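Text of the file entry23.csv, holding CSV, C-alpha atoms:
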```
chain,number,residue,atom,x,y,z
A,1048,MET,CA,-9.5,79.0,-1.0
A,1049,ASN,CA,-10.0,76.5,-3.7
A,1050,VAL,CA,-8.0,73.4,-2.7
A,1051,TRP,CA,-9.1,71.6,-5.9
A,1052,GLY,CA,-7.2,74.0,-8.0
A,1053,LEU,CA,-4.6,74.9,-5.4
A,1054,ASP,CA,-2.8,78.1,-6.5
A,1055,PRO,CA,0.9,77.1,-6.3
A,1056,THR,CA,1.9,80.6,-5.5
A,1057,ILE,CA,0.5,80.2,-2.0
A,1058,VAL,CA,2.4,77.0,-1.4
A,1059,THR,CA,5.5,78.2,0.5
A,1060,VAL,CA,7.5,76.7,3.3
A,1061,SER,CA,6.8,79.7,5.6
A,1062,HIS,CA,3.0,79.5,4.9
A,1063,ILE,CA,2.9,75.8,5.6
A,1064,ALA,CA,5.1,76.1,8.8
A,1065,ASN,CA,3.0,79.0,10.1
A,1066,VAL,CA,-0.4,77.3,9.6
A,1067,LEU,CA,0.7,73.8,10.8
A,1068,ALA,CA,2.2,75.3,14.0
A,1069,ARG,CA,-1.3,76.6,14.8
A,1070,ILE,CA,-3.2,73.4,14.2
A,1071,ASN,CA,-3.3,70.9,17.0
A,1072,ARG,CA,-3.2,67.2,16.1
A,1073,TYR,CA,-6.3,65.0,16.5
A,1074,GLY,CA,-8.7,67.9,16.1
A,1075,GLY,CA,-7.5,69.4,19.3
A,1076,HIS,CA,-8.6,66.3,21.4
A,1077,TRP,CA,-5.5,66.5,23.7
A,1078,VAL,CA,-4.9,67.1,27.3
A,1079,TYR,CA,-1.6,68.6,26.3
A,1080,PRO,CA,-1.8,69.8,22.7
A,1081,ILE,CA,0.9,69.2,20.1
A,1082,SER,CA,0.8,71.0,16.8
A,1083,VAL,CA,1.0,69.3,13.4
A,1084,ALA,CA,4.2,71.2,12.8
A,1085,ARG,CA,5.8,70.0,16.1
A,1086,HIS,CA,4.8,66.4,15.1
A,1087,CYS,CA,6.4,66.8,11.7
A,1088,LEU,CA,9.6,68.1,13.3
A,1089,THR,CA,9.7,65.1,15.6
A,1090,LEU,CA,9.1,62.7,12.6
A,1091,ALA,CA,11.9,64.3,10.6
A,1092,ASP,CA,14.3,64.0,13.6
A,1093,GLU,CA,13.3,60.3,14.0
A,1094,LEU,CA,14.0,59.6,10.4
A,1095,LYS,CA,17.4,61.2,10.8
A,1096,ARG,CA,18.1,59.2,13.9
A,1097,GLN,CA,17.3,56.0,11.9
A,1098,GLY,CA,19.9,57.0,9.3
A,1099,HIS,CA,17.6,58.0,6.4
A,1100,PRO,CA,18.9,60.5,3.9
A,1101,ALA,CA,17.9,64.2,3.8
A,1102,MET,CA,15.3,63.6,1.2
A,1103,VAL,CA,13.4,61.1,3.3
A,1104,GLN,CA,13.7,63.5,6.3
A,1105,LEU,CA,12.3,66.2,4.1
A,1106,GLN,CA,9.4,64.0,3.1
A,1107,GLY,CA,8.8,63.3,6.8
A,1108,LEU,CA,8.9,67.0,7.6
A,1109,PHE,CA,6.2,67.8,5.0
A,1110,HIS,CA,4.1,64.6,5.2
A,1111,ASP,CA,1.2,66.5,6.7
A,1112,ALA,CA,1.7,69.7,4.6
A,1113,SER,CA,-1.8,69.3,2.9
A,1114,GLU,CA,-3.3,69.9,6.4
A,1115,ALA,CA,-2.1,73.6,6.0
A,1116,TYR,CA,-4.9,73.9,3.4
A,1117,THR,CA,-7.5,71.3,4.8
A,1118,GLN,CA,-6.9,71.2,8.6
A,1119,ASP,CA,-6.1,68.1,10.6
A,1120,ILE,CA,-8.8,65.5,10.5
A,1121,PRO,CA,-8.2,62.4,12.6
A,1122,SER,CA,-7.4,59.3,10.5
A,1123,PRO,CA,-10.4,57.2,11.6
A,1124,LEU,CA,-12.7,60.0,10.4
A,1125,LYS,CA,-10.8,60.5,7.1
A,1126,ALA,CA,-11.5,56.9,6.1
A,1127,LEU,CA,-15.2,57.6,6.3
A,1128,LEU,CA,-15.3,60.9,4.4
A,1129,TRP,CA,-16.1,61.5,0.7
A,1130,VAL,CA,-15.6,64.9,-1.1
A,1131,GLN,CA,-17.2,66.3,-4.1
A,1132,PRO,CA,-15.0,67.8,-6.7
A,1133,PRO,CA,-16.3,70.8,-8.8
A,1134,GLY,CA,-18.4,70.0,-11.8
A,1135,PRO,CA,-20.0,66.6,-12.7
A,1136,ASN,CA,-17.1,64.6,-11.3
A,1137,PRO,CA,-17.9,61.6,-9.0
A,1138,LYS,CA,-17.2,61.9,-5.3
A,1139,VAL,CA,-13.8,60.7,-4.1
A,1140,LEU,CA,-12.6,59.4,-0.8
A,1141,TYR,CA,-11.1,62.2,1.4
A,1142,GLU,CA,-7.9,60.3,1.7
A,1143,ALA,CA,-7.4,60.2,-2.1
A,1144,PHE,CA,-8.2,63.9,-2.3
A,1145,GLU,CA,-5.7,64.7,0.4
A,1146,PHE,CA,-3.0,62.4,-1.1
A,1147,ASN,CA,-3.4,64.2,-4.5
A,1148,LEU,CA,-3.2,67.6,-2.8
A,1149,LEU,CA,0.0,66.5,-1.0
A,1150,SER,CA,1.6,65.3,-4.2
A,1151,ARG,CA,0.9,68.8,-5.8
A,1152,ILE,CA,2.6,70.4,-2.7
A,1153,TYR,CA,5.6,68.1,-3.0
A,1154,THR,CA,5.8,68.9,-6.7
A,1155,LYS,CA,5.8,72.7,-6.0
A,1156,LEU,CA,8.4,72.4,-3.4
A,1157,MET,CA,10.5,69.9,-5.5
A,1158,ILE,CA,10.3,67.2,-2.8
A,1159,ARG,CA,10.6,63.6,-4.3
A,1160,TRP,CA,7.3,61.8,-4.8
A,1161,PRO,CA,6.1,59.2,-3.8
A,1162,ILE,CA,6.8,59.3,-0.2
A,1163,HIS,CA,9.3,56.7,1.1
A,1164,PRO,CA,7.6,53.9,3.2
A,1165,ALA,CA,9.8,54.7,6.2
A,1166,VAL,CA,7.9,58.0,6.6
A,1167,TRP,CA,4.6,56.2,7.1
A,1168,THR,CA,6.2,53.6,9.4
A,1169,ALA,CA,7.7,56.4,11.5
A,1170,ASP,CA,4.3,58.3,11.5
A,1171,LYS,CA,2.5,55.2,12.9
A,1172,ALA,CA,5.2,54.8,15.5
A,1173,ALA,CA,4.9,58.5,16.5
A,1174,TYR,CA,1.1,58.0,16.9
A,1175,GLU,CA,1.8,55.2,19.4
A,1176,LEU,CA,4.2,57.4,21.3
A,1177,GLU,CA,1.6,60.3,21.3
A,1178,ILE,CA,-1.3,58.3,22.8
A,1179,PRO,CA,-0.2,58.8,26.4
A,1180,ILE,CA,0.0,62.6,25.7
A,1181,ILE,CA,-3.5,62.5,24.2
A,1182,ARG,CA,-4.8,60.9,27.3
A,1183,GLY,CA,-2.9,63.3,29.6
A,1184,GLU,CA,-0.8,60.5,31.1
A,1185,VAL,CA,2.4,62.1,30.0
A,1186,ARG,CA,3.3,65.8,29.5
A,1187,PRO,CA,5.1,66.5,26.2
A,1188,HIS,CA,8.8,67.4,26.5
A,1189,VAL,CA,8.8,69.6,23.5
A,1190,VAL,CA,8.2,73.3,22.8
A,1191,ASN,CA,4.8,73.9,21.2
A,1192,ASP,CA,4.7,77.7,21.1
A,1193,PRO,CA,3.5,78.5,17.5
A,1194,GLU,CA,6.1,81.2,16.8
A,1195,VAL,CA,9.0,79.0,18.0
A,1196,VAL,CA,7.7,75.9,16.2
A,1197,THR,CA,7.2,77.9,13.0
A,1198,ASN,CA,10.8,79.2,13.1
A,1199,LEU,CA,12.1,75.7,13.9
A,1200,PHE,CA,10.1,74.2,11.0
A,1201,ILE,CA,11.4,76.8,8.6
A,1202,TRP,CA,15.0,76.5,9.8
A,1203,HIS,CA,14.8,72.7,9.6
A,1204,ALA,CA,13.2,72.8,6.1
A,1205,LYS,CA,15.9,75.2,4.7
A,1206,ALA,CA,18.7,73.0,6.1
A,1207,LEU,CA,17.2,69.9,4.5
A,1208,PHE,CA,16.5,71.6,1.1
A,1209,ARG,CA,20.1,72.8,1.1
A,1210,GLU,CA,21.4,69.3,1.9
A,1211,CYS,CA,19.2,67.9,-0.9
A,1212,GLY,CA,20.5,70.5,-3.4
A,1213,ILE,CA,17.0,72.0,-3.8
A,1214,PRO,CA,17.0,75.8,-4.5
A,1215,ASN,CA,15.6,78.1,-1.8
A,1216,GLN,CA,11.9,77.6,-1.2
```

As C-alpha cells, what does this structure read like?
Amino acid sequence: MNVWGLDPTIVTVSHIANVLARINRYGGHWVYPISVARHCLTLADELKRQGHPAMVQLQGLFHDASEAYTQDIPSPLKALLWVQPPGPNPKVLYEAFEFNLLSRIYTKLMIRWPIHPAVWTADKAAYELEIPIIRGEVRPHVVNDPEVVTNLFIWHAKALFRECGIPNQ
C-alpha cells in the first residue's frame, strides 16, 4: 500500500475500525493489551462526558485513524523518525507525515480539520490513565475482543456521523 498517495477508496469506517481493533497500543508492550480502537472509543466517550459536541467526539474517535495504514508507533519513537517521500523530495519527520495522512483521512470522511485541542488534551490524559495497565498494575475494565471492538467502533462512528449531519460513511 502506498501511504504517500493514499487511495481514498480504501479509507472507510469499517476498514479503519477493523484494523485499529487488531493493533495494540504502544507496539504491544502491555501486560494487558488495549487496542488502538478501544483507546479511541474511550477517548470519544471522555469527550462526550466533558460536554464536547459530536464533531469533537468524532475527531477523538478517529484521532489515531492514520495508524490503520501505518501501525502504532509509540510517541517517543515517532519524534525520532524521519521518512523519505518518493522522488527527490527531502525527508520529513514521521510526525509531520502522519499528521498529513490523518488530515487526508479526515477530509475523505468529512470530519472537520484541524482537530480540536480538547482531543489532544484528552489523549494525554488517557495515556496517564493507561500507564498502570501498561505496567500490569491494573487490569483494564473494557472489552478488547477485536470483533466486538470493531462493531462498537462502527456503531459509535455511525451515530456520531448522523448527529453531525454527515452522510453515511

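Residue nearest Phe1146 of chain A within the list A:Arg1159, A:Ser1113, A:Glu1175, A:Leu1124: A:Ser1113 [criterion: smallest interatomic distance, all atoms listed in the file].
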
All residues 9 Å or closer to Val1060 of chain A, only C-alpha atoms, same chain fewer than 6 positions away omitted, as JSON, numbers by chain:
{"A": [1156, 1200, 1201, 1204, 1205, 1216]}

Using only C-alpha atoms, the shortest atom-to-atom distance to Val1196 of chain A among A:Leu1105, A:Val1066, A:Leu1090, A:Ala1126 belongs to A:Val1066

What lies within 8 Å of Ile1152 of chain A using only C-alpha atoms, ignoring chain neighbours under 2 positions off, as a PyMOL selection string?
chain A and resi 1055+1058+1112-1113+1148-1150+1154-1156

Atomic distance atom CA of Arg1151 of chain A - atom CA of Arg1096 of chain A, expressed in Å with one decimal:
27.9 Å

Between atom CA of Asn1065 of chain A and atom CA of Met1157 of chain A, measure the distance and give it in Å to one decimal.
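Rounded to one decimal, the two atoms are 19.6 Å apart.
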
Polymer residues at most 12 Å from (14.7, 59.7, 14.5) by only C-alpha atoms, as a PyMOL selection string
chain A and resi 1086-1100+1103-1104+1107-1108+1165-1166+1168-1170+1172-1173

Expected file contents, prior selection, C-alpha atoms, as a PDB file, in the coordinates of the input:
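Done, and the output landed in out12.pdb:
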```pdb
ATOM      1  CA  HIS A1086       4.800  66.400  15.100  1.00  0.00           C
ATOM      2  CA  CYS A1087       6.400  66.800  11.700  1.00  0.00           C
ATOM      3  CA  LEU A1088       9.600  68.100  13.300  1.00  0.00           C
ATOM      4  CA  THR A1089       9.700  65.100  15.600  1.00  0.00           C
ATOM      5  CA  LEU A1090       9.100  62.700  12.600  1.00  0.00           C
ATOM      6  CA  ALA A1091      11.900  64.300  10.600  1.00  0.00           C
ATOM      7  CA  ASP A1092      14.300  64.000  13.600  1.00  0.00           C
ATOM      8  CA  GLU A1093      13.300  60.300  14.000  1.00  0.00           C
ATOM      9  CA  LEU A1094      14.000  59.600  10.400  1.00  0.00           C
ATOM     10  CA  LYS A1095      17.400  61.200  10.800  1.00  0.00           C
ATOM     11  CA  ARG A1096      18.100  59.200  13.900  1.00  0.00           C
ATOM     12  CA  GLN A1097      17.300  56.000  11.900  1.00  0.00           C
ATOM     13  CA  GLY A1098      19.900  57.000   9.300  1.00  0.00           C
ATOM     14  CA  HIS A1099      17.600  58.000   6.400  1.00  0.00           C
ATOM     15  CA  PRO A1100      18.900  60.500   3.900  1.00  0.00           C
ATOM     16  CA  VAL A1103      13.400  61.100   3.300  1.00  0.00           C
ATOM     17  CA  GLN A1104      13.700  63.500   6.300  1.00  0.00           C
ATOM     18  CA  GLY A1107       8.800  63.300   6.800  1.00  0.00           C
ATOM     19  CA  LEU A1108       8.900  67.000   7.600  1.00  0.00           C
ATOM     20  CA  ALA A1165       9.800  54.700   6.200  1.00  0.00           C
ATOM     21  CA  VAL A1166       7.900  58.000   6.600  1.00  0.00           C
ATOM     22  CA  THR A1168       6.200  53.600   9.400  1.00  0.00           C
ATOM     23  CA  ALA A1169       7.700  56.400  11.500  1.00  0.00           C
ATOM     24  CA  ASP A1170       4.300  58.300  11.500  1.00  0.00           C
ATOM     25  CA  ALA A1172       5.200  54.800  15.500  1.00  0.00           C
ATOM     26  CA  ALA A1173       4.900  58.500  16.500  1.00  0.00           C
TER      27      ALA A1173
END
```

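Of note, atom CA of Gly1052 of chain A and atom CA of Trp1202 of chain A are spaced 28.6 Å apart.
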
Determine, counting only C-alpha atoms, every residue of protein, DNA or RNA that lies within 12 Å of (-0.9, 62.5, 25.7) in the file coordinates, then give the result as a short mmCIF file (atom, residue, chain, number, x, y, z; two decimals) with C-alpha atoms, keeping the file's coordinate frame.
```cif
data_model
loop_
_atom_site.label_atom_id
_atom_site.label_comp_id
_atom_site.auth_asym_id
_atom_site.auth_seq_id
_atom_site.Cartn_x
_atom_site.Cartn_y
_atom_site.Cartn_z
CA ARG A 1072 -3.20 67.20 16.10
CA TYR A 1073 -6.30 65.00 16.50
CA GLY A 1075 -7.50 69.40 19.30
CA HIS A 1076 -8.60 66.30 21.40
CA TRP A 1077 -5.50 66.50 23.70
CA VAL A 1078 -4.90 67.10 27.30
CA TYR A 1079 -1.60 68.60 26.30
CA PRO A 1080 -1.80 69.80 22.70
CA ILE A 1081 0.90 69.20 20.10
CA ALA A 1173 4.90 58.50 16.50
CA TYR A 1174 1.10 58.00 16.90
CA GLU A 1175 1.80 55.20 19.40
CA LEU A 1176 4.20 57.40 21.30
CA GLU A 1177 1.60 60.30 21.30
CA ILE A 1178 -1.30 58.30 22.80
CA PRO A 1179 -0.20 58.80 26.40
CA ILE A 1180 0.00 62.60 25.70
CA ILE A 1181 -3.50 62.50 24.20
CA ARG A 1182 -4.80 60.90 27.30
CA GLY A 1183 -2.90 63.30 29.60
CA GLU A 1184 -0.80 60.50 31.10
CA VAL A 1185 2.40 62.10 30.00
CA ARG A 1186 3.30 65.80 29.50
CA PRO A 1187 5.10 66.50 26.20
CA HIS A 1188 8.80 67.40 26.50
#
```

Hey, which of A:Val1189, A:Ile1070, A:Val1050, A:Ala1206 ends up closest to Gln1118 of chain A? Count only C-alpha atoms.
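Closest to Gln1118 of chain A, using only C-alpha atoms: A:Ile1070.
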
Considering only C-alpha atoms, state which residue in the set A:Arg1209, A:Leu1053, A:Val1190, A:Asn1198 is at the smallest distance from Ser1082 of chain A.
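Selected residue with least distance to Ser1082 of chain A: A:Val1190.
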
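Each of A:Lys1138, A:His1203, A:His1110, A:Lys1125 was checked against Pro1161 of chain A using only C-alpha atoms; the smallest atom-to-atom distance is that of A:His1110.
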
Add whatever atoms are absent from segment 1120-1133 of chain A to reach N, CA and C atoms, and provide the output as a compact mmCIF listing (two decimals), keeping the file's coordinate frame.
```txt
# COMPACT_ATOMS: atom_id res chain seq x y z
N ILE A 1120 -7.65 66.31 10.22
CA ILE A 1120 -8.80 65.50 10.50
C ILE A 1120 -8.29 64.14 10.96
N PRO A 1121 -8.73 63.68 12.13
CA PRO A 1121 -8.20 62.40 12.60
C PRO A 1121 -8.42 61.27 11.62
N SER A 1122 -7.41 60.42 11.48
CA SER A 1122 -7.40 59.30 10.50
C SER A 1122 -8.66 58.47 10.48
N PRO A 1123 -9.18 58.06 11.65
CA PRO A 1123 -10.40 57.20 11.60
C PRO A 1123 -11.55 57.91 10.90
N LEU A 1124 -11.64 59.23 11.04
CA LEU A 1124 -12.70 60.00 10.40
C LEU A 1124 -12.42 60.13 8.89
N LYS A 1125 -11.16 60.36 8.53
CA LYS A 1125 -10.80 60.50 7.10
C LYS A 1125 -11.25 59.32 6.30
N ALA A 1126 -11.13 58.14 6.86
CA ALA A 1126 -11.50 56.90 6.10
C ALA A 1126 -12.98 56.85 5.81
N LEU A 1127 -13.79 57.66 6.48
CA LEU A 1127 -15.20 57.60 6.30
C LEU A 1127 -15.74 58.75 5.38
N LEU A 1128 -14.89 59.74 5.11
CA LEU A 1128 -15.30 60.90 4.40
C LEU A 1128 -15.17 60.82 2.88
N TRP A 1129 -16.15 61.41 2.19
CA TRP A 1129 -16.10 61.50 0.70
C TRP A 1129 -16.16 63.03 0.43
N VAL A 1130 -15.53 63.45 -0.65
CA VAL A 1130 -15.60 64.90 -1.10
C VAL A 1130 -16.04 64.96 -2.49
N GLN A 1131 -16.69 66.07 -2.80
CA GLN A 1131 -17.20 66.30 -4.10
C GLN A 1131 -16.40 67.30 -4.88
N PRO A 1132 -15.69 66.86 -5.94
CA PRO A 1132 -15.00 67.80 -6.70
C PRO A 1132 -15.92 68.74 -7.50
N PRO A 1133 -15.44 69.88 -7.98
CA PRO A 1133 -16.30 70.80 -8.80
C PRO A 1133 -16.78 70.07 -10.04
```
